[in-house]
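A.B. asks: Quick one, start_13.cif (mmCIF, C-alpha atoms):
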data_data
#
loop_
_atom_site.label_atom_id
_atom_site.label_comp_id
_atom_site.auth_asym_id
_atom_site.auth_seq_id
_atom_site.Cartn_x
_atom_site.Cartn_y
_atom_site.Cartn_z
CA GLY A 665 -26.89 -10.65 -7.65
CA PRO A 666 -25.00 -10.76 -4.34
CA LEU A 667 -22.99 -7.74 -3.31
CA VAL A 668 -19.33 -8.72 -3.69
CA TYR A 669 -17.85 -5.44 -2.41
CA PRO A 670 -18.35 -3.56 0.87
CA ALA A 671 -21.15 -1.00 0.97
CA GLY A 672 -19.06 2.12 0.33
CA PHE A 673 -18.51 0.86 -3.21
CA LEU A 674 -22.25 1.13 -3.92
CA TYR A 675 -22.53 4.71 -2.68
CA LEU A 676 -19.54 5.81 -4.77
CA TYR A 677 -20.62 4.14 -7.97
CA GLN A 678 -24.22 5.23 -7.50
CA TRP A 679 -22.90 8.78 -7.56
CA LEU A 680 -20.78 8.01 -10.64
CA ARG A 681 -23.86 6.58 -12.35
CA HIS A 682 -25.70 9.81 -11.55
CA VAL A 683 -23.00 12.09 -12.98
CA ALA A 684 -22.59 9.81 -16.02
CA GLY A 685 -25.94 10.80 -17.49
CA GLY A 686 -28.14 9.39 -14.73
CA ASP A 687 -28.02 5.90 -16.18
CA GLY A 688 -24.27 5.40 -16.44
CA THR A 689 -24.13 5.67 -20.23
CA VAL A 690 -22.03 8.87 -20.48
CA ILE A 691 -18.77 7.11 -19.71
CA ARG A 692 -16.61 10.09 -20.67
CA THR A 693 -17.95 12.08 -17.72
CA ALA A 694 -17.01 9.29 -15.32
CA GLN A 695 -13.58 9.16 -16.93
CA TYR A 696 -13.14 12.87 -16.25
CA ALA A 697 -13.93 12.20 -12.60
CA PHE A 698 -11.33 9.42 -12.51
CA ALA A 699 -8.79 11.67 -14.24
CA VAL A 700 -9.23 14.16 -11.40
CA LEU A 701 -8.88 11.29 -8.94
CA TYR A 702 -5.65 10.23 -10.68
CA VAL A 703 -4.15 13.70 -10.24
CA MET A 704 -5.28 13.86 -6.61
CA ASN A 705 -3.81 10.42 -5.96
CA ALA A 706 -0.50 11.49 -7.51
CA ALA A 707 -0.45 14.57 -5.27
CA VAL A 708 -0.96 12.49 -2.13
CA ILE A 709 1.70 9.97 -3.21
CA LEU A 710 4.22 12.73 -3.86
CA GLY A 711 3.28 14.20 -0.49
CA LEU A 712 4.21 10.91 1.19
CA TYR A 713 7.53 10.81 -0.63
CA THR A 714 8.18 14.41 0.38
CA LEU A 715 7.68 13.57 4.05
CA VAL A 716 10.27 10.80 3.75
CA ILE A 717 12.76 13.00 1.88
CA ARG A 718 12.47 15.78 4.45
CA GLN A 719 13.18 13.42 7.31
CA ILE A 720 16.14 11.80 5.55
CA ARG A 721 17.53 15.22 4.75
CA ARG A 722 17.20 16.39 8.36
CA ARG A 723 19.01 13.33 9.65
CA SER A 724 21.79 13.57 7.10
CA GLU A 725 22.53 17.28 7.33
CA GLN A 726 24.78 16.88 10.36
CA THR A 727 27.01 14.30 8.72
CA LYS A 728 26.84 14.87 4.97
CA SER A 729 28.02 17.64 2.70
CA GLU A 730 25.68 19.77 0.65
CA VAL A 731 26.77 17.84 -2.44
CA SER A 732 25.71 14.55 -0.85
CA ASN A 733 22.38 16.02 0.19
CA ALA A 734 21.81 17.31 -3.32
CA HIS A 735 22.61 13.86 -4.72
CA MET A 736 20.18 12.24 -2.31
CA THR A 737 17.43 14.72 -3.21
CA TRP A 738 17.79 14.14 -6.94
CA SER A 739 17.90 10.39 -6.39
CA TRP A 740 14.55 10.57 -4.62
CA ARG A 741 13.14 12.79 -7.34
CA ILE A 742 13.79 9.93 -9.75
CA ALA A 743 11.75 7.67 -7.47
CA MET A 744 8.96 10.24 -7.37
CA GLY A 745 8.99 10.55 -11.14
CA LEU A 746 8.64 6.79 -11.55
CA THR A 747 5.32 6.87 -9.70
CA CYS A 748 3.84 8.86 -12.59
CA LEU A 749 5.08 6.80 -15.54
CA SER A 750 3.15 3.53 -15.50
CA LYS A 751 1.09 2.81 -18.60
CA ARG A 752 -0.94 0.20 -16.73
CA MET A 753 -1.72 2.64 -13.92
CA HIS A 754 -3.07 5.20 -16.38
CA SER A 755 -5.35 2.50 -17.76
CA ILE A 756 -6.58 1.38 -14.34
CA PHE A 757 -7.53 4.91 -13.31
CA VAL A 758 -8.81 6.61 -16.45
CA LEU A 759 -9.90 3.85 -18.85
CA ARG A 760 -11.13 0.98 -16.69
CA LEU A 761 -12.66 2.93 -13.77
CA PHE A 762 -11.92 0.14 -11.28
CA ASN A 763 -12.89 0.63 -7.64
CA ASP A 764 -9.27 -0.22 -6.74
CA ALA A 765 -8.35 3.37 -7.63
CA PRO A 766 -10.60 5.24 -5.15
CA ALA A 767 -9.92 2.61 -2.47
CA MET A 768 -6.17 3.14 -2.77
CA PHE A 769 -6.56 6.91 -2.89
CA LEU A 770 -8.29 6.83 0.48
CA LEU A 771 -5.63 4.46 1.80
CA TYR A 772 -2.84 6.84 0.82
CA VAL A 773 -4.70 9.79 2.34
CA SER A 774 -5.05 7.83 5.57
CA THR A 775 -1.33 6.95 5.49
CA TYR A 776 -0.49 10.62 5.11
CA LEU A 777 -2.67 11.41 8.12
CA PHE A 778 -0.99 8.63 10.14
CA ALA A 779 2.41 10.05 9.21
CA LYS A 780 1.20 13.37 10.61
CA SER A 781 0.07 11.60 13.83
CA MET A 782 -3.61 12.23 13.06
CA TRP A 783 -4.56 8.72 14.08
CA ARG A 784 -8.30 8.97 14.61
CA THR A 785 -8.97 10.93 11.44
CA GLY A 786 -6.67 8.54 9.61
CA CYS A 787 -8.63 5.55 10.90
CA LEU A 788 -11.85 7.12 9.63
CA VAL A 789 -10.41 7.55 6.13
CA PHE A 790 -8.75 4.11 6.25
CA SER A 791 -12.10 2.48 6.98
CA LEU A 792 -13.71 4.42 4.13
CA GLY A 793 -11.10 2.82 1.87
CA VAL A 794 -11.97 -0.62 3.22
CA SER A 795 -15.63 0.11 2.50
CA ILE A 796 -14.83 0.43 -1.19
CA LYS A 797 -12.60 -2.63 -1.52
CA MET A 798 -11.36 -5.01 1.15
CA ASN A 799 -7.81 -5.26 -0.25
CA VAL A 800 -7.07 -2.25 1.97
CA LEU A 801 -7.13 -4.74 4.86
CA LEU A 802 -3.68 -5.92 3.73
CA PHE A 803 -2.42 -2.75 5.43
CA ALA A 804 -4.26 -3.61 8.67
CA PRO A 805 -1.45 -5.61 10.38
CA GLY A 806 0.93 -2.68 9.97
CA LEU A 807 -1.71 -0.23 11.16
CA LEU A 808 -2.42 -2.31 14.26
CA LEU A 809 1.27 -2.29 15.18
CA LEU A 810 1.46 1.46 14.65
CA LEU A 811 -1.61 2.06 16.81
CA LEU A 812 -0.18 -0.06 19.62
CA GLN A 813 3.06 1.91 19.46
CA SER A 814 1.67 5.40 18.96
CA GLN A 815 -1.17 5.37 21.47
CA SER A 816 -0.42 5.87 25.14
CA SER A 817 -2.68 3.00 26.23
CA LEU A 818 -4.77 0.13 24.96
CA TRP A 819 -7.80 2.36 25.36
CA GLY A 820 -6.40 4.71 22.70
CA THR A 821 -5.86 1.79 20.33
CA ALA A 822 -9.35 0.47 21.04
CA THR A 823 -10.83 3.89 20.28
CA CYS A 824 -9.14 3.99 16.88
CA LEU A 825 -10.30 0.46 16.09
CA ALA A 826 -13.83 1.40 17.15
CA ILE A 827 -13.77 4.25 14.63
CA CYS A 828 -12.82 1.76 11.90
CA ALA A 829 -15.63 -0.59 12.92
CA GLY A 830 -18.15 2.23 13.27
CA VAL A 831 -17.64 3.34 9.67
CA GLN A 832 -18.38 -0.18 8.43
CA LEU A 833 -21.49 -0.42 10.59
CA VAL A 834 -22.88 2.91 9.41
CA LEU A 835 -22.22 2.37 5.71
CA GLY A 836 -23.33 -1.25 5.79
CA ALA A 837 -26.44 -0.61 7.91
CA PRO A 838 -28.96 -1.11 5.05
CA PHE A 839 -27.49 -4.56 4.40
CA LEU A 840 -26.57 -5.53 7.95
CA THR A 841 -30.14 -4.91 9.10
CA THR A 842 -31.68 -6.97 6.30
CA PHE A 843 -29.30 -9.71 5.12
CA PRO A 844 -26.31 -9.52 7.47
CA ILE A 845 -24.92 -13.02 6.83
CA SER A 846 -25.13 -12.73 3.06
CA TYR A 847 -23.57 -9.26 3.10
CA LEU A 848 -20.63 -10.21 5.32
CA ARG A 849 -20.14 -13.53 3.53
CA LYS A 850 -19.75 -11.99 0.08
CA ALA A 851 -18.53 -8.42 0.68
CA PHE A 852 -15.66 -9.69 2.85
CA GLU A 853 -15.20 -13.09 1.23
CA LEU A 854 -11.77 -14.43 2.23
CA ASP A 855 -11.97 -17.78 0.45
CA ARG A 856 -12.97 -16.49 -2.98
CA VAL A 857 -11.63 -18.55 -5.91
CA PHE A 858 -10.46 -16.43 -8.83
CA PHE A 859 -10.35 -17.21 -12.55
CA TYR A 860 -7.04 -18.63 -13.72
CA LYS A 861 -7.13 -16.73 -17.01
CA TRP A 862 -6.77 -13.37 -15.23
CA THR A 863 -3.89 -14.19 -12.88
CA VAL A 864 -0.68 -12.27 -13.48
CA ASN A 865 1.47 -13.88 -10.80
CA TRP A 866 0.64 -17.60 -10.97
CA LYS A 867 0.69 -18.56 -14.66
CA ILE A 868 3.75 -20.61 -13.70
CA LEU A 869 1.35 -23.15 -12.17
CA PRO A 870 -1.19 -25.45 -13.85
CA GLU A 871 -4.80 -24.38 -13.38
CA GLU A 872 -5.69 -27.36 -11.19
CA ILE A 873 -2.99 -26.35 -8.69
CA PHE A 874 -3.93 -22.67 -8.91
CA VAL A 875 -7.51 -23.31 -7.77
CA SER A 876 -6.58 -25.96 -5.19
CA LYS A 877 -7.21 -25.57 -1.47
CA PRO A 878 -3.68 -26.70 -0.47
CA LEU A 879 -2.13 -23.82 -2.42
CA SER A 880 -4.49 -21.38 -0.73
CA LEU A 881 -3.58 -22.69 2.72
CA LEU A 882 0.14 -22.68 1.90
CA LEU A 883 0.06 -19.05 0.78
CA LEU A 884 -1.98 -18.08 3.84
CA GLY A 885 0.54 -19.78 6.12
CA LEU A 886 3.46 -18.07 4.37
CA HIS A 887 1.66 -14.73 4.61
CA ILE A 888 1.03 -15.05 8.34
CA GLY A 889 4.50 -16.44 9.02
CA CYS A 890 6.18 -13.59 7.16
CA LEU A 891 4.07 -11.02 8.99
CA VAL A 892 5.15 -12.55 12.31
CA LEU A 893 8.83 -12.46 11.34
CA PHE A 894 8.67 -8.84 10.23
CA ALA A 895 6.66 -7.90 13.34
CA GLN A 896 9.38 -9.42 15.52
CA LYS A 897 12.00 -7.47 13.58
CA TRP A 898 10.03 -4.23 13.98
CA LEU A 899 9.39 -4.80 17.69
CA THR A 900 13.03 -5.65 18.39
CA SER A 901 14.09 -2.46 16.64
CA ALA A 902 11.57 -0.46 18.69
CA LYS A 903 13.02 -1.89 21.89
CA ASP A 904 16.56 -1.09 20.78
CA GLN A 905 15.73 2.45 19.69
CA THR A 906 13.26 3.54 22.35
CA GLY A 907 13.47 1.03 25.18
CA ARG A 908 9.86 -0.03 24.64
CA TYR A 909 8.06 -2.45 22.34
CA LEU A 910 4.69 -0.68 22.48
CA HIS A 911 3.18 2.59 23.79
CA ILE A 912 6.37 4.47 22.98
CA HIS A 913 5.01 7.87 24.17
CA ARG A 914 6.87 9.71 21.45
CA ARG A 915 5.77 10.81 18.01
CA LEU A 916 6.51 8.15 15.40
CA SER A 917 8.59 9.29 12.45
CA PRO A 918 6.86 9.67 9.05
CA THR A 919 9.32 7.32 7.36
CA TYR A 920 8.67 4.59 9.93
CA VAL A 921 4.91 4.98 9.64
CA ILE A 922 4.88 4.94 5.84
CA GLN A 923 7.33 2.05 5.52
CA THR A 924 5.42 -0.02 8.08
CA MET A 925 2.16 0.42 6.17
CA PHE A 926 3.75 -0.32 2.81
CA VAL A 927 5.69 -3.39 3.97
CA SER A 928 2.58 -4.85 5.61
CA ASN A 929 0.70 -4.58 2.33
CA TYR A 930 3.65 -5.80 0.28
CA ILE A 931 3.94 -9.02 2.27
CA GLY A 932 0.32 -9.72 1.38
CA ILE A 933 1.07 -9.00 -2.27
CA CYS A 934 3.98 -11.45 -2.32
CA PHE A 935 1.80 -14.30 -1.04
CA SER A 936 -1.41 -13.30 -2.78
CA ARG A 937 -3.64 -16.07 -4.12
CA THR A 938 -3.78 -14.11 -7.37
CA LEU A 939 -2.99 -10.70 -8.78
CA HIS A 940 -5.22 -9.34 -11.53
CA TYR A 941 -4.10 -6.45 -13.70
CA GLN A 942 -6.02 -3.85 -11.68
CA PHE A 943 -4.42 -5.14 -8.47
CA TYR A 944 -1.21 -3.45 -9.60
CA SER A 945 -2.65 -0.27 -8.13
CA TRP A 946 -2.47 -1.90 -4.69
CA TYR A 947 1.29 -1.44 -4.50
CA PHE A 948 2.73 0.21 -7.62
CA HIS A 949 3.18 3.62 -5.97
CA ALA A 950 4.82 2.05 -2.92
CA VAL A 951 7.45 0.03 -4.78
CA PRO A 952 9.84 2.92 -5.61
CA LEU A 953 9.72 4.13 -2.00
CA MET A 954 10.48 0.69 -0.59
CA VAL A 955 13.23 0.15 -3.15
CA TRP A 956 14.82 3.50 -2.31
CA LEU A 957 14.69 2.80 1.43
CA VAL A 958 16.47 -0.56 1.33
CA ASP A 959 20.14 -0.57 2.30
CA ASP A 960 22.93 -0.52 -0.29
CA MET A 961 20.89 -1.29 -3.40
CA PRO A 962 22.60 0.06 -6.56
CA MET A 963 20.58 2.45 -8.67
CA ALA A 964 20.67 0.04 -11.62
CA MET A 965 19.19 -2.71 -9.45
CA ARG A 966 16.44 -0.41 -8.27
CA LEU A 967 15.42 0.43 -11.81
CA VAL A 968 15.64 -3.21 -12.92
CA LEU A 969 13.32 -4.38 -10.13
CA ILE A 970 10.76 -1.70 -10.89
CA GLY A 971 11.05 -2.46 -14.59
CA MET A 972 10.49 -6.18 -13.98
CA VAL A 973 7.24 -5.52 -12.15
CA GLU A 974 6.05 -3.03 -14.76
CA TYR A 975 6.90 -5.46 -17.56
CA ALA A 976 4.90 -8.28 -15.99
CA PHE A 977 1.78 -6.16 -15.63
CA ASN A 978 1.97 -5.00 -19.25
CA VAL A 979 2.10 -8.51 -20.75
CA PHE A 980 -1.39 -9.53 -21.82
CA PRO A 981 -2.34 -12.25 -21.48
CA ALA A 982 0.11 -13.16 -18.76
CA THR A 983 2.55 -15.98 -19.52
CA ALA A 984 4.63 -18.33 -17.42
CA PHE A 985 7.68 -16.19 -18.20
CA SER A 986 6.01 -12.91 -17.15
CA SER A 987 4.88 -14.57 -13.91
CA TYR A 988 8.45 -15.78 -13.27
CA VAL A 989 9.71 -12.24 -13.80
CA LEU A 990 7.11 -10.80 -11.43
CA GLN A 991 7.60 -13.37 -8.67
CA SER A 992 11.39 -13.03 -8.91
CA ALA A 993 11.15 -9.26 -8.47
CA HIS A 994 8.76 -9.72 -5.54
CA LEU A 995 11.00 -12.16 -3.69
CA ILE A 996 14.20 -10.19 -4.32
CA LEU A 997 12.67 -7.04 -2.88
CA LEU A 998 11.13 -8.94 0.04
CA ALA A 999 14.51 -10.46 0.92
CA TRP A 1000 16.17 -7.04 0.66
CA LEU A 1001 13.53 -5.52 2.93
CA TRP A 1002 14.22 -8.25 5.47
CA MET A 1003 17.97 -7.50 5.42
CA THR A 1004 17.43 -3.75 5.71
CA LYS A 1005 17.41 -1.93 9.03
CA VAL A 1006 14.07 -0.70 10.30
CA PRO A 1007 13.73 3.08 9.74
CA GLY A 1008 14.20 5.41 12.69
CA ILE A 1009 11.08 4.95 14.78
CA VAL A 1010 10.72 8.31 16.49
CA GLU A 1011 11.16 11.78 15.12
CA ASP A 1012 14.52 13.37 15.69
CA ASN A 1013 13.81 16.57 17.55
CA ARG A 1014 17.40 17.65 17.92
CA PRO A 1015 18.20 21.15 16.67
CA ARG A 1016 19.08 21.18 13.02
CA LYS A 1017 22.58 22.26 12.07
CA ILE A 1018 22.64 25.35 9.87
CA TYR A 1019 25.43 25.29 7.32
CA SER A 1020 27.23 28.48 6.41
CA LYS A 1021 27.59 29.28 2.75
CA GLY A 1022 31.18 28.08 2.58
CA GLU A 1023 30.67 24.93 4.65
#
Produce structure tokens that represent the structure in this file.
C.D. replies:
Amino acid sequence: GPLVYPAGFLYLYQWLRHVAGGDGTVIRTAQYAFAVLYVMNAAVILGLYTLVIRQIRRRSEQTKSEVSNAHMTWSWRIAMGLTCLSKRMHSIFVLRLFNDAPAMFLLYVSTYLFAKSMWRTGCLVFSLGVSIKMNVLLFAPGLLLLLLQSQSSLWGTATCLAICAGVQLVLGAPFLTTFPISYLRKAFELDRVFFYKWTVNWKILPEEIFVSKPLSLLLLGLHIGCLVLFAQKWLTSAKDQTGRYLHIHRRLSPTYVIQTMFVSNYIGICFSRTLHYQFYSWYFHAVPLMVWLVDDMPMAMRLVLIGMVEYAFNVFPATAFSSYVLQSAHLILLAWLWMTKVPGIVEDNRPRKIYSKGE
């Protein structure tokens, strides 16, 4: 049949078929491989959270007491712990063996590299993620903004984008040189119509509306419009903080990089045509970080929002009520993100204050 995923998916699962007995029948071996992937993914996620915590701690040391810093650290450790507790996520990685898992692992690795200002290497890994599943492209608007701000010129941005394109050309060469139209049409199909029975987020609608073209166009318009609004907010903040919209010529802060990538993806999630159960892996690990970074949200509210999302993805089959719960949590967090200040854009290189023991 037609190839419905980018080419990197085939190379990965061909290898999995080989290690799973040569014909793919020894499923337990493949599950062991995904268990290792799960642990590696958790390590990268916790690494991203650690980068954010370190920056917040550095910025707060000059104004907060040691008690306040300790409280902040333990608060973030709760957020980190939540990234390891999802029943659905365990299923997606170790039981179902979906390609969403390796795609998101590569995305998080690339985000870590971006946070470390390793832009070209990060673009290489980012494009590898896209080659396994195109949902990674939901992060692309945020990445484009970051490239325009981090690179000293348009040439630097173009070089990074060329790396992304080059990976797709190399991996897709066997298909692009034989059936290019068919490959691009199906592997990167943007107008795909999904089955109503699997949707988690739109059971509140009748099936005839769910599969309709007007709904698709409405969600696309809302997606693009929301991206534009958040981009304006981010650019205005960049101007206020650095005096420049783009080409800032200073190292971007890890928190800003990570939040920009996560918010870009999250906007796509909120206006997604559908969310299947495995799509939870697209943003589950990012939700606690975004919730912890919003301004003035009580701890109870944070836990309730995360619990609402987790509940919805553990109801099978999805119901109108579970979809209401999920969409409510999505919109509440999106509104809170809009009302929250943009994280500090550049790294604070001021000398750190060293507290004495009695201070």
A.B. asks: Could you write out as JSON, numbers by chain the residues that the PyMOL selection byres ((chain A and resi 871-876) around 10) matches in the shown file?
C.D. replies: {"A": [856, 857, 858, 859, 860, 861, 863, 866, 867, 868, 869, 870, 877, 878, 879, 880, 881, 937, 938]}
A.B. asks: Smallest atom-to-atom distance to A:Ile796: which of A:Phe757, A:Pro670, A:Ser781, A:Leu910, using only C-alpha atoms?
C.D. replies: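 Once distances to A:Ile796 are computed over only C-alpha atoms, the minimum belongs to A:Pro670.
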A.B. asks: I'd like the residues picked by the PyMOL selection byres ((chain A and resi 811-816) around 8) written out as a list of chain:residue names, using the chain letters and numbers from the file.
C.D. replies: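 The output of the PyMOL selection byres ((chain A and resi 811-816) around 8) on this file is A:Trp783, A:Leu807, A:Leu808, A:Leu809, A:Leu810, A:Ser817, A:Leu818, A:Gly820, A:Thr821, A:Cys824, A:Tyr909, A:Leu910, A:His911, A:Ile912, A:His913, A:Arg914, A:Arg915, A:Leu916.
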A.B. asks: Exactly which residues make up the result of the PyMOL selection byres ((chain A and resi 956) around 12) on this file, given as a VMD selection string?
C.D. replies: chain A and resid 713 716 to 717 720 736 to 744 746 919 923 950 to 955 957 to 967 969 to 970 997 1000 to 1001 1004
A.B. asks: Those residues you just picked out, can you put them in a file as a compact mmCIF listing (two decimals), keeping the file's coordinate frame with C-alpha atoms?
C.D. replies:
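Produced file result_8.txt, reproduced below:
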# COMPACT_ATOMS: atom_id res chain seq x y z
CA TYR A 713 7.53 10.81 -0.63
CA VAL A 716 10.27 10.80 3.75
CA ILE A 717 12.76 13.00 1.88
CA ILE A 720 16.14 11.80 5.55
CA MET A 736 20.18 12.24 -2.31
CA THR A 737 17.43 14.72 -3.21
CA TRP A 738 17.79 14.14 -6.94
CA SER A 739 17.90 10.39 -6.39
CA TRP A 740 14.55 10.57 -4.62
CA ARG A 741 13.14 12.79 -7.34
CA ILE A 742 13.79 9.93 -9.75
CA ALA A 743 11.75 7.67 -7.47
CA MET A 744 8.96 10.24 -7.37
CA LEU A 746 8.64 6.79 -11.55
CA THR A 919 9.32 7.32 7.36
CA GLN A 923 7.33 2.05 5.52
CA ALA A 950 4.82 2.05 -2.92
CA VAL A 951 7.45 0.03 -4.78
CA PRO A 952 9.84 2.92 -5.61
CA LEU A 953 9.72 4.13 -2.00
CA MET A 954 10.48 0.69 -0.59
CA VAL A 955 13.23 0.15 -3.15
CA LEU A 957 14.69 2.80 1.43
CA VAL A 958 16.47 -0.56 1.33
CA ASP A 959 20.14 -0.57 2.30
CA ASP A 960 22.93 -0.52 -0.29
CA MET A 961 20.89 -1.29 -3.40
CA PRO A 962 22.60 0.06 -6.56
CA MET A 963 20.58 2.45 -8.67
CA ALA A 964 20.67 0.04 -11.62
CA MET A 965 19.19 -2.71 -9.45
CA ARG A 966 16.44 -0.41 -8.27
CA LEU A 967 15.42 0.43 -11.81
CA LEU A 969 13.32 -4.38 -10.13
CA ILE A 970 10.76 -1.70 -10.89
CA LEU A 997 12.67 -7.04 -2.88
CA TRP A 1000 16.17 -7.04 0.66
CA LEU A 1001 13.53 -5.52 2.93
CA THR A 1004 17.43 -3.75 5.71
A.B. asks: So what do you get for atom CA of A:His949 versus atom CA of A:Leu770, distance-wise?
C.D. replies: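 Distance between the two atoms: 13.5 Å.
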A.B. asks: Do you have the atom CA of A:Leu883-atom CA of A:Phe935 distance handy?
C.D. replies: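 Those two atoms sit 5.4 Å apart.
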A.B. asks: Is there a way to get, as a ChimeraX atom specification, all residues within 9 Å of the point (-11.6, 1.9, 3.4) in file coordinates, counting all atoms listed in the file?
C.D. replies: /A:672,767-768,770-771,787-801,828,831-832
A.B. asks: I'd like the interatomic distance between atom CA of A:Ile931 and atom CA of A:Tyr847, to a tenth of an Å.
C.D. replies: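 Atom CA of A:Ile931 sits 27.5 Å away from atom CA of A:Tyr847.
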A.B. asks: Give me the residues within 6 Å of A:Ala779 as a list of chain:residue names, counting only C-alpha atoms and dropping any in the same chain fewer than 2 places off.
C.D. replies: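 Non-adjacent residues within range: A:Tyr776, A:Leu777, A:Ser781, A:Pro918, A:Val921.
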A.B. asks: List the residues sitting within 6 Å of (-0.2, 0.0, -1.1) in the file's frame, using all atoms listed in the file, as an mmCIF file with C-alpha atoms, keeping the file's coordinate frame.
C.D. replies:
data_model
loop_
_atom_site.group_PDB
_atom_site.id
_atom_site.type_symbol
_atom_site.label_atom_id
_atom_site.label_comp_id
_atom_site.auth_asym_id
_atom_site.auth_seq_id
_atom_site.Cartn_x
_atom_site.Cartn_y
_atom_site.Cartn_z
ATOM 1 C CA PHE A 926 3.750 -0.320 2.810
ATOM 2 C CA ASN A 929 0.700 -4.580 2.330
ATOM 3 C CA TRP A 946 -2.470 -1.900 -4.690
ATOM 4 C CA TYR A 947 1.290 -1.440 -4.500
ATOM 5 C CA ALA A 950 4.820 2.050 -2.920
#
A.B. asks: Just want the 7 Å neighbourhood of A:Phe698, counted on only C-alpha atoms, with same-chain residues fewer than 4 positions away dropped. Output as a count of residues only.
C.D. replies: 5
A.B. asks: A:Arg784, A:His994, A:Lys903, A:Lys751: which is nearest A:Ser936, counting all atoms listed in the file?
C.D. replies: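 Counting all atoms listed in the file, the residue closest to A:Ser936 is A:His994.
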A.B. asks: Which one is closest to A:Leu899: A:Val968, A:Gly806, A:Leu833, A:Leu854? Count all atoms listed in the file.
C.D. replies: A:Gly806
A.B. asks: For a quick check of understanding, using all atoms listed in the file, which of A:Gln991, A:Asn978, A:Ser945, A:Asn733 has the smallest distance to A:Phe769?
C.D. replies: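 That would be A:Ser945, the residue with the smallest distance to A:Phe769.
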A.B. asks: So, with all atoms listed in the file as the atoms that count, which of A:Pro666, A:Ala671, A:Asp764, A:Phe980 lies closest to A:Leu840?
C.D. replies: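 Closest residue, counting all atoms listed in the file: A:Ala671.
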